$ cat work-v3.cif   # mmCIF, C-alpha atoms
data_upload
#
loop_
_atom_site.label_atom_id
_atom_site.label_comp_id
_atom_site.auth_asym_id
_atom_site.auth_seq_id
_atom_site.Cartn_x
_atom_site.Cartn_y
_atom_site.Cartn_z
CA MET A 181 -10.00 8.96 -22.24
CA ARG A 182 -6.82 8.60 -20.17
CA GLY A 183 -4.98 11.49 -18.52
CA ASN A 184 -6.45 14.62 -20.08
CA PRO A 185 -3.34 16.87 -20.37
CA SER A 186 -5.29 20.13 -20.63
CA TYR A 187 -7.23 19.22 -17.47
CA LEU A 188 -3.97 18.57 -15.61
CA HIS A 189 -2.33 21.70 -16.97
CA ALA A 190 -5.27 23.80 -15.76
CA ALA A 191 -5.17 22.15 -12.32
CA VAL A 192 -1.43 22.71 -11.92
CA ILE A 193 -1.66 26.34 -13.07
CA THR A 194 -4.61 26.93 -10.72
CA LEU A 195 -2.68 25.54 -7.77
CA LEU A 196 0.47 27.45 -8.67
CA THR A 197 -1.19 30.86 -9.03
CA PRO A 198 -2.35 33.36 -6.38
CA PRO A 199 -3.00 33.02 -3.57
CA PHE A 200 -0.85 29.88 -3.58
CA LEU A 201 2.54 30.96 -4.91
CA GLY A 202 2.21 34.33 -6.56
CA PRO A 203 1.66 35.36 -10.17
CA ILE A 204 2.86 33.22 -13.06
CA ALA A 205 3.71 35.05 -16.25
CA GLY A 206 4.39 32.04 -18.44
CA GLU A 207 5.93 28.63 -18.85
CA ALA A 208 9.33 29.79 -17.52
CA ASP A 209 7.69 30.85 -14.24
CA VAL A 210 6.05 27.42 -13.94
CA ARG A 211 9.52 25.83 -14.18
CA VAL A 212 10.79 28.15 -11.43
CA HIS A 213 7.86 27.22 -9.18
CA LEU A 214 8.45 23.53 -9.91
CA SER A 215 11.98 23.90 -8.52
CA ASN A 216 10.30 24.29 -5.11
CA PRO A 217 10.23 20.69 -3.73
CA ARG A 218 6.71 21.01 -2.29
CA VAL A 219 5.35 22.28 -5.58
CA ALA A 220 7.18 19.56 -7.50
CA VAL A 221 5.59 16.89 -5.27
CA LEU A 222 2.18 18.46 -5.84
CA ALA A 223 2.71 18.49 -9.61
CA VAL A 224 3.81 14.84 -9.61
CA ALA A 225 0.77 13.89 -7.52
CA LEU A 226 -1.56 15.71 -9.90
CA ALA A 227 0.10 14.08 -12.88
CA ALA A 228 -0.28 10.66 -11.24
CA LEU A 229 -3.95 11.31 -10.66
CA GLY A 230 -4.28 12.20 -14.32
CA THR A 231 -2.91 8.83 -15.40
CA VAL A 232 -5.82 7.09 -13.71
CA GLY A 233 -8.01 8.48 -16.47
CA MET A 234 -11.39 10.12 -16.65
CA GLU A 235 -14.60 8.93 -18.26
CA GLY A 236 -16.89 11.95 -18.37
CA ASN A 237 -16.94 13.18 -14.79
CA LYS A 238 -16.46 9.73 -13.27
CA PRO A 239 -12.97 8.51 -12.33
CA ALA A 240 -11.92 5.40 -14.22
CA VAL A 241 -11.51 2.15 -12.31
CA ARG A 242 -7.92 1.71 -11.21
CA GLN A 243 -6.32 -1.24 -12.96
CA LEU A 244 -3.60 -3.04 -11.04
CA SER A 245 -1.05 -5.18 -12.81
CA SER A 246 -0.69 -7.39 -9.72
CA ALA A 247 -2.26 -7.70 -6.30
CA CYS A 248 1.30 -7.87 -4.88
CA HIS A 249 2.63 -4.57 -3.63
CA ASP A 250 6.08 -3.63 -4.93
CA ASN A 251 9.02 -5.13 -3.09
CA ASP A 252 10.05 -1.97 -1.26
CA ILE A 253 11.68 -0.94 2.01
CA VAL A 254 8.41 -1.39 3.92
CA LEU A 255 8.09 -5.01 2.79
CA THR A 256 11.75 -5.65 3.55
CA GLY A 257 11.22 -4.25 7.06
CA TYR A 258 8.15 -6.43 7.62
CA VAL A 259 10.05 -9.54 6.54
CA LEU A 260 13.01 -8.74 8.83
CA GLU A 261 10.74 -8.07 11.82
CA LEU A 262 8.76 -11.28 11.26
CA LYS A 263 11.99 -13.27 10.95
CA GLY A 264 12.96 -12.00 14.40
CA THR A 265 9.50 -12.67 15.79
CA VAL A 266 9.26 -16.29 14.66
CA SER A 267 12.85 -17.21 15.46
CA GLY A 268 13.33 -15.27 18.72
CA THR A 269 13.59 -17.29 21.91
CA ASP A 270 13.25 -14.54 24.52
CA SER A 271 10.01 -13.86 26.40
CA PHE A 272 9.13 -10.84 24.26
CA HIS A 273 9.20 -12.82 21.00
CA ILE A 274 7.39 -15.77 22.58
CA ASP A 275 4.59 -13.46 23.78
CA GLU A 276 4.44 -11.73 20.40
CA ARG A 277 4.18 -15.07 18.56
CA THR A 278 1.41 -16.17 20.90
CA HIS A 279 -0.51 -12.91 20.44
CA LEU A 280 -0.16 -13.02 16.63
CA ASN A 281 -0.82 -16.75 16.43
CA LEU A 282 2.49 -17.41 14.67
CA PRO A 283 4.59 -20.57 15.07
CA GLN A 284 8.20 -20.68 16.21
CA LEU A 285 10.28 -21.26 13.08
CA PRO A 286 13.76 -20.66 11.67
CA ALA A 287 14.18 -17.13 10.32
CA ASP A 288 14.64 -18.37 6.75
CA SER A 289 11.04 -19.69 6.72
CA VAL A 290 9.73 -16.09 6.36
CA THR A 291 9.55 -14.87 2.75
CA ALA A 292 7.86 -12.11 0.78
CA VAL A 293 5.20 -13.37 -1.62
CA THR A 294 5.62 -12.29 -5.24
CA ASP A 295 3.15 -14.68 -6.91
CA SER A 296 0.21 -12.62 -8.18
CA THR A 297 -2.31 -15.45 -7.69
CA THR A 298 -1.37 -15.82 -4.02
CA CYS A 299 -1.45 -12.04 -3.54
CA GLN A 300 -4.91 -11.90 -5.14
CA ARG A 301 -6.18 -14.56 -2.71
CA ALA A 302 -4.56 -12.64 0.16
CA ALA A 303 -6.11 -9.34 -0.98
CA LEU A 304 -9.59 -10.88 -1.18
CA ALA A 305 -9.24 -12.48 2.27
CA TYR A 306 -8.01 -9.16 3.66
CA GLY A 307 -11.00 -7.30 2.18
CA ARG A 308 -13.45 -9.91 3.52
CA ASN A 309 -12.09 -9.45 7.05
CA LEU A 310 -12.15 -5.66 7.29
CA SER A 311 -14.56 -4.20 9.86
CA VAL A 312 -16.66 -3.19 6.84
CA PRO A 313 -16.03 -6.05 4.37
CA ASP A 314 -14.88 -4.89 0.93
CA THR A 315 -13.96 -7.36 -1.78
CA THR A 316 -14.59 -4.99 -4.69
CA THR A 317 -11.74 -2.53 -4.11
CA ALA A 318 -8.66 -3.32 -6.18
CA ARG A 319 -5.83 -3.49 -3.68
CA GLN A 320 -2.13 -4.21 -3.66
CA VAL A 321 -1.05 -5.98 -0.50
CA TYR A 322 2.14 -6.90 1.25
CA ALA A 323 1.90 -10.67 1.65
CA ILE A 324 4.48 -12.56 3.69
CA ARG A 325 4.57 -16.33 3.98
CA VAL A 326 5.48 -17.52 7.46
CA GLY A 327 6.35 -21.20 7.22
CA ALA A 328 3.88 -23.55 5.58
CA THR A 329 0.84 -22.57 7.65
CA ARG A 330 0.61 -18.76 7.91
CA TYR A 331 0.48 -15.58 5.85
CA VAL A 332 0.74 -12.03 7.17
CA VAL A 333 -1.11 -9.60 4.88
CA ALA A 334 -1.16 -5.79 4.96
CA ASP A 335 -2.71 -3.16 2.70
CA PRO A 336 -0.87 0.17 3.05
CA GLY A 337 -4.13 1.90 2.11
CA VAL A 338 -5.89 0.61 5.24
CA THR A 339 -4.70 2.31 8.39
CA LYS A 340 -5.68 3.06 11.94
CA GLY A 341 -4.14 6.43 12.61
CA GLU A 342 -0.58 6.22 11.32
CA PHE A 343 -0.43 2.41 11.49
CA ILE A 344 -1.13 -0.10 8.72
CA ILE A 345 -3.62 -2.84 9.63
CA ASN A 346 -2.08 -6.32 9.31
CA MET A 347 -3.89 -9.66 9.36
CA VAL A 348 -2.56 -13.16 9.97
CA PHE A 349 -4.26 -15.91 7.93
CA ASP A 350 -4.01 -19.66 7.71
CA SER A 351 -2.45 -21.08 4.53
CA SER A 352 -5.82 -21.35 2.76
CA PHE A 353 -6.80 -17.71 3.53
CA THR A 354 -10.11 -18.95 4.99
CA THR A 355 -9.43 -18.12 8.64
CA MET A 356 -8.09 -14.88 10.00
CA LEU A 357 -6.10 -15.78 13.09
CA SER A 358 -5.22 -12.31 14.35
CA THR A 359 -5.10 -8.66 13.39
CA PHE A 360 -2.68 -5.95 14.49
CA ALA A 361 -1.60 -2.44 13.60
CA HIS A 362 1.99 -1.89 12.61
#

$ encode --input "work-v3.cif" --output "structure tokens"
Amino acid sequence: MRGNPSYLHAAVITLLTPPFLGPIAGEADVRVHLSNPRVAVLAVALAALGTVGMEGNKPAVRQLSSACHDNDIVLTGYVLELKGTVSGTDSFHIDERTHLNLPQLPADSVTAVTDSTTCQRAALAYGRNLSVPDTTTARQVYAIRVGATRYVVADPGVTKGEFIINMVFDSSFTTMLSTFAH
């Protein structure tokens, strides 16, 4: 069964009633509470959780349409930063390239990966190289091709504090060359 609406409705009502936000007399009061941005975010989050589905009391396995994370502002920022890193000629960029095991290249050699097969290989390599290896978790990764010999891979679900863990791989995803938090 996917997204049990009565289950979600009960969860939203429970979270919107005392002691959380005060009494709710009916559907009109729910709409008033949902005009509060924090409550609206909570309701959207609960609804999103409901779309994952439930099988008895066990959560359903999350199905991903692609191992590639959406092309969003985070990915765009990664690509721009890596373009500067690989093409920069000052001592900072040279040191950064050395530390990350990245070659010096023209900026246009850095591109976001959108091919689902490549992202799947990147996601598996990433999972294999975690401090506790995990190749069974479905993950969507940011994958960035750096020239013909490197990929930078990040899973926004794997963090150290507030920073996302990034890994640099060779072009076959068999060797992790460096790891860093960004």

$ closest_residue --input "work-v3.cif" --among "A:Asn346, A:Ser351, A:Asn251, A:Thr291" --to "Arg325 in chain A" --atoms "only C-alpha atoms"
A:Thr291

$ resolve_selection --input "work-v3.cif" --expression "the PyMOL selection byres ((chain A and resi 302) around 9)" --output "short mmCIF file (atom, residue, chain, number, x, y, z; two decimals) with C-alpha atoms, in the coordinates of the input"
data_model
loop_
_atom_site.label_atom_id
_atom_site.label_comp_id
_atom_site.auth_asym_id
_atom_site.auth_seq_id
_atom_site.Cartn_x
_atom_site.Cartn_y
_atom_site.Cartn_z
CA ALA A 247 -2.26 -7.70 -6.30
CA THR A 297 -2.31 -15.45 -7.69
CA THR A 298 -1.37 -15.82 -4.02
CA CYS A 299 -1.45 -12.04 -3.54
CA GLN A 300 -4.91 -11.90 -5.14
CA ARG A 301 -6.18 -14.56 -2.71
CA ALA A 303 -6.11 -9.34 -0.98
CA LEU A 304 -9.59 -10.88 -1.18
CA ALA A 305 -9.24 -12.48 2.27
CA TYR A 306 -8.01 -9.16 3.66
CA GLY A 307 -11.00 -7.30 2.18
CA VAL A 321 -1.05 -5.98 -0.50
CA TYR A 322 2.14 -6.90 1.25
CA ALA A 323 1.90 -10.67 1.65
CA TYR A 331 0.48 -15.58 5.85
CA VAL A 332 0.74 -12.03 7.17
CA VAL A 333 -1.11 -9.60 4.88
CA PHE A 349 -4.26 -15.91 7.93
CA PHE A 353 -6.80 -17.71 3.53
#

$ resolve_selection --input "work-v3.cif" --expression "the PyMOL selection byres ((chain A and resi 255-265) around 7)" --output "VMD selection string"
chain A and resid 251 to 254 266 to 268 273 276 to 277 287 290 to 292 322 324

$ residues_around --input "work-v3.cif" --residues "Ser358 in chain A" --least-positions-apart "3" --cutoff "9 Å" --atoms "all atoms listed in the file" --output "list in words"
His279, Leu280, Asn281, Asn346, Met347, Val348 and Phe349 of chain A

$ closest_residue --input "work-v3.cif" --among "A:Thr339, A:Arg308, A:Met356, A:Val326" --to "Gln284 in chain A" --atoms "all atoms listed in the file"
A:Val326

$ axis_aligned_box --input "work-v3.cif" --around "range 315-324 of chain A" --padding-each-side "3 Å" --output "JSON"
{"center_x": -5.1, "center_y": -7.5, "center_z": -1.2, "size_x": 25.1, "size_y": 16.0, "size_z": 15.9}

$ atom_distance --input "work-v3.cif" --atom1 "CA of Leu310 in chain A" --atom2 "CA of Asp335 in chain A"
10.8 Å

$ closest_residue --input "work-v3.cif" --among "A:Gln320, A:Thr354, A:Phe272, A:Leu282" --to "Thr294 in chain A" --atoms "all atoms listed in the file"
A:Gln320

$ atom_distance --input "work-v3.cif" --atom1 "CA of Thr278 in chain A" --atom2 "CA of Leu357 in chain A"
10.8 Å

$ atom_distance --input "work-v3.cif" --atom1 "CA of Ser352 in chain A" --atom2 "CA of Ala328 in chain A"
10.3 Å

$ resolve_selection --input "work-v3.cif" --expression "the PyMOL selection byres ((chain A and resi 361) around 6)" --output "count of residues only"
6

$ closest_residue --input "work-v3.cif" --among "A:Gly327, A:Ser246, A:Asp275, A:Val338" --to "Val312 in chain A" --atoms "only C-alpha atoms"
A:Val338

$ closest_residue --input "work-v3.cif" --among "A:Asn309, A:Ser271, A:Ser289, A:Thr316" --to "Ala334 in chain A" --atoms "all atoms listed in the file"
A:Asn309
